Amino acid sequence: MRFYDPTGTRYGLPTYPFHLAPHGLLTRRQLRARGLRPAGQPVAAQLLWFSRLGAGPRVAYLYRLDLARPVRAMTPAKATALAAAMLARRTCPTCRADAGYVIPTSLGSCVPCSEPQARAA
């Protein structure tokens, strides 16, 4: 079986194929979905798999569930800073209006300001 190395002799870390991680080991996203964080613990194992893009093997690091701690609560200062940052991402630099969505970096401004008909008018 490809990428199956529970002792870590081949890849340096215990390695498992995609969907075959043992119970008690979770990725960062799986921990976050449960309201937990790794809390500074070292990587316990890894998942390896080949993506469809053929760019080589992909990796996901696994952390022990029993050592995970609850996510820290957001402070009022952090909530204010996050709200200001999100407002800046929604504000069009051309018309200075809140677009109601994050301005695409490919356009650089809100959709009405970036349309050629709006510029010509």
# chains A, B, ... in the order shown; residues from 1 in each chain; ligands from 1
>>> select_by_dssp(residues="range 23-111 of chain A", states="strand (DSSP E or B)", output="NGL selection string")
:A and (25-26 or 36-37 or 45-50 or 57-64 or 69-70 or 91 or 98)
>>> select_by_dssp(residues="chain A", states="alpha helix (DSSP H)", output="PyMOL selection string")
chain A and resi 28-33+76-90+111-114+116-120
>>> closest_residue(among="A:Ala45, A:Ala88, A:Val71, A:Ala77", to="Gly12 in chain A", atoms="only C-alpha atoms")
A:Ala45
>>> residues_around(residues="Arg69 in chain A", least_positions_apart="2", cutoff="9 Å", atoms="only C-alpha atoms", output="list in words")
Gly35, Leu36, Arg37, Pro38, Ala39, Leu65, Asp66, Leu67, Val71 and Arg72 of chain A
>>> residues_around(residues="range 91-96 of chain A", least_positions_apart="6", cutoff="9 Å", atoms="only C-alpha atoms", output="NGL selection string")
:A and (102-103 or 108-110 or 113)
>>> residues_around(residues="Ala60 in chain A", least_positions_apart="5", cutoff="8 Å", atoms="only C-alpha atoms", output="ChimeraX atom specification")
/A:27,46-48
>>> write_last_selection(atoms="all heavy atoms", output="CSV table (one decimal), in the first residue's frame")
chain,number,residue,atom,x,y,z
A,27,THR,N,-6.4,16.6,11.5
A,27,THR,CA,-5.7,17.8,10.8
A,27,THR,C,-6.1,19.1,11.5
A,27,THR,O,-7.0,19.1,12.4
A,27,THR,CB,-6.1,17.9,9.3
A,27,THR,OG1,-7.5,18.1,9.3
A,27,THR,CG2,-5.8,16.6,8.6
A,46,GLN,N,1.5,12.2,9.5
A,46,GLN,CA,1.1,12.9,8.2
A,46,GLN,C,0.3,12.0,7.3
A,46,GLN,O,0.4,10.8,7.4
A,46,GLN,CB,2.4,13.5,7.5
A,46,GLN,CG,3.3,12.4,7.0
A,46,GLN,CD,4.6,13.0,6.4
A,46,GLN,OE1,4.7,14.2,6.3
A,46,GLN,NE2,5.5,12.1,6.1
A,47,LEU,N,-0.5,12.7,6.5
A,47,LEU,CA,-1.2,12.0,5.4
A,47,LEU,C,-0.5,12.4,4.1
A,47,LEU,O,-0.2,13.5,3.9
A,47,LEU,CB,-2.7,12.5,5.3
A,47,LEU,CG,-3.6,12.1,6.4
A,47,LEU,CD1,-5.0,12.8,6.2
A,47,LEU,CD2,-3.8,10.6,6.6
A,48,LEU,N,-0.3,11.4,3.3
A,48,LEU,CA,0.3,11.7,1.9
A,48,LEU,C,-0.7,11.1,0.9
A,48,LEU,O,-1.2,10.0,1.1
A,48,LEU,CB,1.6,11.0,1.8
A,48,LEU,CG,2.8,11.7,2.5
A,48,LEU,CD1,4.1,10.9,2.3
A,48,LEU,CD2,3.0,13.1,1.9
>>> atom_distance(atom1="CA of Leu31 in chain A", atom2="CA of Arg90 in chain A")
29.6 Å
>>> residues_around(residues="Tyr63 in chain A", least_positions_apart="6", cutoff="6 Å", atoms="only C-alpha atoms", output="PyMOL selection string")
chain A and resi 25-26+43-44
>>> closest_residue(among="A:Arg34, A:Asp5, A:Gly40, A:Trp49", to="Phe18 in chain A", atoms="only C-alpha atoms")
A:Trp49
>>> atom_distance(atom1="CA of Leu82 in chain A", atom2="CA of Tyr61 in chain A")
27.6 Å
>>> closest_residue(among="A:Gly8, A:Thr15, A:Leu107, A:Gly24", to="Arg64 in chain A", atoms="only C-alpha atoms")
A:Gly24
>>> atom_distance(atom1="CA of Pro57 in chain A", atom2="CA of His23 in chain A")
22.7 Å
